[in-house]
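This is work.csv (CSV, C-alpha atoms).
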```
chain,number,residue,atom,x,y,z
A,514,TYR,CA,-18.9,45.1,21.5
A,515,GLY,CA,-20.9,46.0,18.4
A,516,SER,CA,-21.5,49.5,19.7
A,517,LEU,CA,-17.8,50.3,20.2
A,518,LEU,CA,-15.8,52.4,17.8
A,519,THR,CA,-13.0,50.7,15.9
A,520,PRO,CA,-10.1,52.2,18.1
A,521,GLN,CA,-11.9,51.0,21.2
A,522,ARG,CA,-12.3,47.5,19.7
A,523,ALA,CA,-8.6,47.4,18.8
A,524,SER,CA,-7.7,48.4,22.3
A,525,LEU,CA,-9.8,45.6,23.8
A,526,HIS,CA,-8.3,43.1,21.4
A,527,GLN,CA,-4.7,44.2,22.3
A,528,LYS,CA,-5.4,44.0,26.0
A,529,ALA,CA,-6.9,40.5,25.5
A,530,ALA,CA,-3.8,39.4,23.5
A,531,GLU,CA,-1.4,40.8,26.0
A,532,ALA,CA,-3.2,39.1,28.8
A,533,LEU,CA,-3.0,35.8,27.0
A,534,GLU,CA,0.7,36.2,26.3
A,535,ALA,CA,1.3,37.0,30.0
A,536,SER,CA,-0.7,34.1,31.1
A,537,TYR,CA,0.8,31.5,28.8
A,538,GLY,CA,4.4,32.8,28.8
A,539,ASP,CA,6.7,30.5,26.8
A,540,LYS,CA,3.7,28.3,25.9
A,541,ALA,CA,1.9,31.1,24.0
A,542,ALA,CA,2.2,29.0,20.9
A,543,ASP,CA,-0.5,26.7,22.4
A,544,VAL,CA,-3.0,29.5,21.9
A,545,ALA,CA,-1.5,31.0,18.7
A,546,ASP,CA,-4.9,30.9,17.0
A,547,MET,CA,-6.5,33.0,19.7
A,548,LEU,CA,-3.5,35.4,19.7
A,549,ALA,CA,-3.7,35.7,15.9
A,550,HIS,CA,-7.4,36.5,16.2
A,551,HIS,CA,-6.8,39.3,18.6
A,552,TYR,CA,-3.7,40.8,17.1
A,553,ALA,CA,-5.2,40.8,13.6
A,554,ARG,CA,-7.7,43.3,15.0
A,555,THR,CA,-5.1,45.7,16.3
A,556,GLN,CA,-2.3,47.8,14.7
A,557,ARG,CA,0.3,45.2,15.7
A,558,THR,CA,0.6,43.6,12.3
A,559,ASP,CA,3.9,42.1,13.3
A,560,LYS,CA,2.4,40.2,16.1
A,561,ALA,CA,-0.6,39.2,14.0
A,562,VAL,CA,1.7,37.7,11.3
A,563,PHE,CA,3.9,36.0,13.9
A,564,TYR,CA,1.0,34.2,15.5
A,565,LEU,CA,-0.7,33.5,12.2
A,566,SER,CA,2.4,31.6,11.3
A,567,LEU,CA,2.4,29.6,14.6
A,568,ALA,CA,-1.3,28.9,14.2
A,569,ALA,CA,-0.7,27.5,10.8
A,570,LYS,CA,2.0,25.2,12.1
A,571,LYS,CA,-0.4,24.0,14.7
A,572,SER,CA,-3.0,23.2,12.1
A,573,LEU,CA,-0.4,21.4,9.9
A,574,ARG,CA,0.5,19.1,12.7
A,575,VAL,CA,-3.1,17.8,12.7
A,576,PHE,CA,-3.3,17.9,8.9
A,577,SER,CA,-6.0,20.6,8.9
A,578,LEU,CA,-5.0,22.0,5.5
A,579,ALA,CA,-7.8,24.4,4.9
A,580,GLU,CA,-7.3,26.0,8.3
A,581,ALA,CA,-3.5,26.2,7.8
A,582,ARG,CA,-4.0,27.7,4.3
A,583,GLY,CA,-6.3,30.3,5.8
A,584,TYR,CA,-3.8,31.4,8.4
A,585,LEU,CA,-0.9,31.5,5.9
A,586,ASP,CA,-2.8,33.4,3.3
A,587,GLN,CA,-3.8,36.0,5.9
A,588,ALA,CA,-0.2,36.3,7.0
A,589,LEU,CA,1.0,36.7,3.4
A,590,ALA,CA,-1.7,39.3,2.7
A,591,ARG,CA,-0.5,41.4,5.7
A,592,ILE,CA,3.1,41.1,4.6
A,593,GLU,CA,2.2,42.3,1.1
A,594,ALA,CA,0.4,45.3,2.6
A,595,GLU,CA,3.1,46.0,5.1
A,596,PRO,CA,6.4,44.3,4.1
A,597,ALA,CA,8.3,45.5,7.2
A,598,CYS,CA,6.0,43.6,9.5
A,599,ALA,CA,8.0,40.4,9.0
A,600,ASP,CA,11.7,39.8,8.6
A,601,ASP,CA,13.0,37.6,5.8
A,602,ARG,CA,13.2,34.5,8.0
A,603,LEU,CA,9.6,34.7,9.2
A,604,LEU,CA,8.5,35.3,5.6
A,605,ALA,CA,10.5,32.3,4.4
A,606,GLU,CA,9.0,30.0,7.1
A,607,ILE,CA,5.5,31.1,6.1
A,608,VAL,CA,6.2,30.6,2.4
A,609,VAL,CA,7.7,27.1,3.1
A,610,ASP,CA,4.6,26.1,5.0
A,611,ARG,CA,2.3,27.5,2.3
A,612,LEU,CA,4.1,25.5,-0.4
A,613,MET,CA,3.7,22.4,1.7
A,614,VAL,CA,-0.1,23.0,1.7
A,615,CYS,CA,0.1,23.4,-2.0
A,616,CYS,CA,1.8,20.0,-2.3
A,617,TRP,CA,-0.8,18.2,-0.1
A,618,GLU,CA,-3.6,19.8,-2.1
A,619,ALA,CA,-1.9,19.1,-5.4
A,620,ASP,CA,-2.0,22.8,-6.3
A,621,PHE,CA,1.2,22.8,-8.3
A,622,VAL,CA,0.2,26.0,-10.3
A,623,GLY,CA,-0.2,27.8,-7.0
A,624,MET,CA,3.1,26.3,-5.8
A,625,LEU,CA,4.9,27.8,-8.7
A,626,THR,CA,3.2,31.1,-8.4
A,627,ILE,CA,3.9,31.5,-4.7
A,628,ALA,CA,7.5,30.4,-5.0
A,629,ASP,CA,8.2,32.7,-7.9
A,630,GLN,CA,6.5,35.6,-6.1
A,631,TYR,CA,8.8,35.5,-3.1
A,632,ARG,CA,11.9,34.0,-4.5
A,633,ALA,CA,13.8,37.2,-5.3
A,634,ARG,CA,13.4,38.6,-1.7
A,635,LEU,CA,14.5,35.4,-0.2
A,636,GLU,CA,17.4,34.9,-2.5
A,637,ALA,CA,18.7,38.3,-1.4
A,638,ALA,CA,18.9,36.9,2.2
A,639,GLY,CA,21.6,34.4,1.0
A,640,ASP,CA,21.8,30.6,1.1
A,641,THR,CA,19.6,29.9,4.1
A,642,ARG,CA,17.8,26.7,5.1
A,643,GLU,CA,14.5,28.3,4.2
A,644,LEU,CA,15.7,29.1,0.7
A,645,SER,CA,16.7,25.5,0.3
A,646,ARG,CA,13.3,24.3,1.3
A,647,ILE,CA,11.6,26.8,-1.0
A,648,LEU,CA,13.8,25.7,-3.9
A,649,SER,CA,12.8,22.1,-3.2
A,650,TRP,CA,9.1,23.0,-3.5
A,651,LEU,CA,9.8,25.0,-6.6
A,652,GLY,CA,11.5,21.9,-8.1
A,653,GLU,CA,8.4,20.0,-7.2
A,654,ALA,CA,6.3,22.5,-9.1
A,655,TYR,CA,8.6,22.4,-12.1
A,656,LEU,CA,8.4,18.6,-12.1
A,657,ASN,CA,4.6,18.6,-12.2
A,658,ALA,CA,4.8,21.1,-15.1
A,659,ALA,CA,7.2,18.8,-17.0
A,660,ARG,CA,9.9,21.4,-16.8
A,661,PHE,CA,12.5,18.8,-15.9
A,662,ASP,CA,15.7,20.8,-16.7
A,663,GLU,CA,14.6,23.6,-14.5
A,664,ALA,CA,13.6,21.1,-11.8
A,665,GLU,CA,17.0,19.5,-11.8
A,666,ARG,CA,18.8,22.9,-11.5
A,667,VAL,CA,16.8,24.1,-8.5
A,668,LEU,CA,16.8,20.7,-6.8
A,669,ASP,CA,20.6,20.4,-7.2
A,670,ARG,CA,20.9,23.9,-5.7
A,671,ALA,CA,18.5,23.1,-2.8
A,672,ARG,CA,20.5,20.0,-1.9
A,673,SER,CA,23.8,21.9,-2.3
A,674,ILE,CA,22.6,24.6,0.1
A,675,GLY,CA,21.5,21.9,2.6
A,676,GLU,CA,24.8,20.1,2.4
A,677,SER,CA,26.8,23.3,2.8
A,678,LEU,CA,24.7,24.1,5.9
A,679,GLY,CA,24.8,20.5,7.2
A,680,ASP,CA,21.0,20.6,7.4
A,681,GLU,CA,19.6,17.1,7.1
A,682,GLU,CA,16.0,18.3,6.7
A,683,CYS,CA,16.9,20.4,3.6
A,684,ILE,CA,18.9,17.6,2.1
A,685,ALA,CA,16.1,15.1,2.6
A,686,TYR,CA,13.4,17.3,1.1
A,687,ALA,CA,15.6,18.0,-1.9
A,688,MET,CA,16.4,14.3,-2.3
A,689,TRP,CA,12.8,13.3,-2.2
A,690,ASP,CA,12.0,15.4,-5.2
A,691,GLN,CA,15.3,14.2,-6.9
A,692,MET,CA,13.8,10.7,-6.5
A,693,TRP,CA,10.8,11.8,-8.5
A,694,LEU,CA,13.0,13.4,-11.1
A,695,ALA,CA,15.0,10.2,-11.4
A,696,MET,CA,11.8,8.3,-12.0
A,697,VAL,CA,10.5,10.4,-14.7
A,698,THR,CA,13.8,11.1,-16.4
A,699,PRO,CA,15.8,7.9,-15.8
A,700,GLN,CA,18.1,8.2,-18.8
A,701,GLY,CA,21.8,8.2,-17.8
A,702,ARG,CA,21.1,7.7,-14.1
A,703,PRO,CA,22.3,4.7,-12.0
A,704,LEU,CA,19.7,2.0,-11.7
A,705,ASN,CA,19.8,2.0,-7.9
A,706,ALA,CA,19.7,5.8,-7.6
A,707,ILE,CA,16.1,5.9,-6.4
A,708,GLU,CA,16.6,3.1,-3.9
A,709,LYS,CA,19.7,4.8,-2.4
A,710,MET,CA,18.0,8.1,-2.1
A,711,ALA,CA,14.9,6.5,-0.5
A,712,GLU,CA,17.0,4.8,2.1
A,713,ARG,CA,18.7,8.1,3.0
A,714,VAL,CA,15.5,10.1,3.1
A,715,LEU,CA,13.8,7.5,5.3
A,716,GLU,CA,16.7,7.4,7.7
A,717,ALA,CA,16.7,11.2,7.9
A,718,ALA,CA,12.9,11.2,8.5
A,719,GLN,CA,13.3,8.9,11.4
A,720,ARG,CA,16.1,11.0,13.0
A,721,LEU,CA,14.2,14.2,12.4
A,722,GLU,CA,10.8,12.7,13.5
A,723,ASP,CA,9.4,14.2,10.4
A,724,PRO,CA,5.8,13.1,9.8
A,725,TYR,CA,5.7,14.0,6.1
A,726,LEU,CA,8.8,12.6,4.5
A,727,PRO,CA,7.9,8.9,5.1
A,728,ILE,CA,4.5,9.5,3.3
A,729,PHE,CA,6.1,11.4,0.4
A,730,CYS,CA,8.9,8.8,0.2
A,731,SER,CA,6.6,5.8,0.3
A,732,ALA,CA,4.5,7.3,-2.5
A,733,SER,CA,7.6,7.7,-4.6
A,734,ILE,CA,8.7,4.1,-4.0
A,735,ARG,CA,5.3,2.7,-4.9
A,736,PHE,CA,5.2,4.9,-8.1
A,737,SER,CA,8.7,3.7,-9.0
A,738,ALA,CA,7.6,0.1,-8.5
A,739,VAL,CA,4.6,0.6,-10.8
A,740,ILE,CA,6.5,2.2,-13.7
A,741,SER,CA,9.4,-0.3,-13.4
A,742,GLY,CA,7.0,-3.3,-13.4
A,743,LEU,CA,8.2,-4.5,-9.9
A,744,PRO,CA,5.2,-4.3,-7.7
A,745,GLY,CA,6.9,-6.3,-4.9
A,746,SER,CA,9.3,-3.5,-4.2
A,747,GLY,CA,6.4,-1.1,-3.7
A,748,ARG,CA,5.6,-2.9,-0.4
A,749,ARG,CA,8.7,-1.5,1.3
A,750,SER,CA,8.0,0.2,4.7
```
Show me, as structure tokens, the structure contained in the file I just sent.
Amino acid sequence: YGSLLTPQRASLHQKAAEALEASYGDKAADVADMLAHHYARTQRTDKAVFYLSLAAKKSLRVFSLAEARGYLDQALARIEAEPACADDRLLAEIVVDRLMVCCWEADFVGMLTIADQYRARLEAAGDTRELSRILSWLGEAYLNAARFDEAERVLDRARSIGESLGDEECIAYAMWDQMWLAMVTPQGRPLNAIEKMAERVLEAAQRLEDPYLPIFCSASIRFSAVISGLPGSGRRS
């Protein structure tokens, strides 16, 4: 392999990738990491980005954040170099997953930078579910930067998009950050606002079988209990 010229190597990688796709068929996502490895060494940037995205989702399911971050950053770098290799929807999915990694790693500066970098292109695609999810993460970044007015605006919009689409996942993620906003800016808000939102988010998480929302929501509830001086309510499941 080391003695082969670059075009010859690319040809071998493409043949290996195509053989894997043919072998796994509609279960190709199971070997997305291998397919990403091979296609990344060919001229098929579109295929490389697609499988890098799937490999990242696979890593996120087992909470392998560094691995997911690596796949997603590779995908975004390729999109930056060749924008036409991914449509707006695939780009949006990659950005949403990258922002989730930022959240888990408490990289709120990175979250704000990435959301701002791609927001204009994704806004141009209209009020999609992916835009709603990105606005929710942007609201999270604003919250952690103490930019509460901006957080409220984007979270309200994220939730509004979710409600207009009837997308429970979008609504739940927007509401989770609205819970945090209500905790840090409680003035003028109903006393039971956080509890009501928490109930709705947890119910949505159960229906969606979402592994992340219950963790996020439980952390919010415990934090609310601490700042309100009611530790007993922090033991809610």
Expressed in Å, the length from CA of Ala530 in chain A to CA of Tyr552 in chain A is 6.6 Å
Give me, as a tab-separated table, the closest atom pair and its distance (Å, one decimal) for every residue of range 541-610 of chain A within a cut-off of 9 Å of range 624-645 of chain A, counting all atoms listed in the file, rows sorted by chain and rising number.
```
residue	atom	partner	partner_atom	distance
A:Asp601	CA	A:Leu635	CA	6.6
A:Arg602	CA	A:Glu643	CA	7.4
A:Leu604	CA	A:Leu635	CA	8.3
A:Ala605	CA	A:Glu643	CA	5.7
A:Glu606	CA	A:Glu643	CA	6.4
A:Val608	CA	A:Ala628	CA	7.5
A:Val609	CA	A:Glu643	CA	7.0
```
CA of Asp546 in chain A to CA of Ala568 in chain A measures 5.0 Å
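With CA of Thr698 in chain A on one side and CA of Ser677 in chain A on the other, the separation reads 26.2 Å.
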| message | Using all atoms listed in the file and a cutoff of 9 Å, can you tell me which residues are near (13.0, 14.2, 2.5) in the file's coordinates, and write them out as a ChimeraX atom specification? | response | /A:681-690,711,713-715,717-718,723,725-727,729-730
In terms of all atoms listed in the file, the residue from A:Ala588, A:Leu603, A:Ile728, A:Ala535 at minimal distance from Trp617 in chain A is A:Ile728
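Candidate residues A:Ser566, A:Glu618, A:His550, A:Ala541 were compared for distance to Leu578 in chain A, and the nearest is A:Glu618, using all atoms listed in the file.
With only C-alpha atoms as the atoms that count, the residue of A:Val614, A:Gln587, A:Arg554, A:Ala569 with the shortest distance to Gln527 in chain A is A:Arg554.
Of the listed residues A:Asp539, A:Asp586, A:Glu722, A:Glu653, the one whose atoms come nearest to Val622 in chain A is A:Glu653, with distances taken using all atoms listed in the file.
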Counting all atoms listed in the file, the residue among A:Ala553, A:Lys528, A:Phe621, A:Val575 that lies closest to Pro724 in chain A is A:Val575
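Here the question is which of A:Leu585, A:Val697, A:Gly675, A:Ala590 gets nearest to Leu573 in chain A using all atoms listed in the file, and that residue is A:Leu585.
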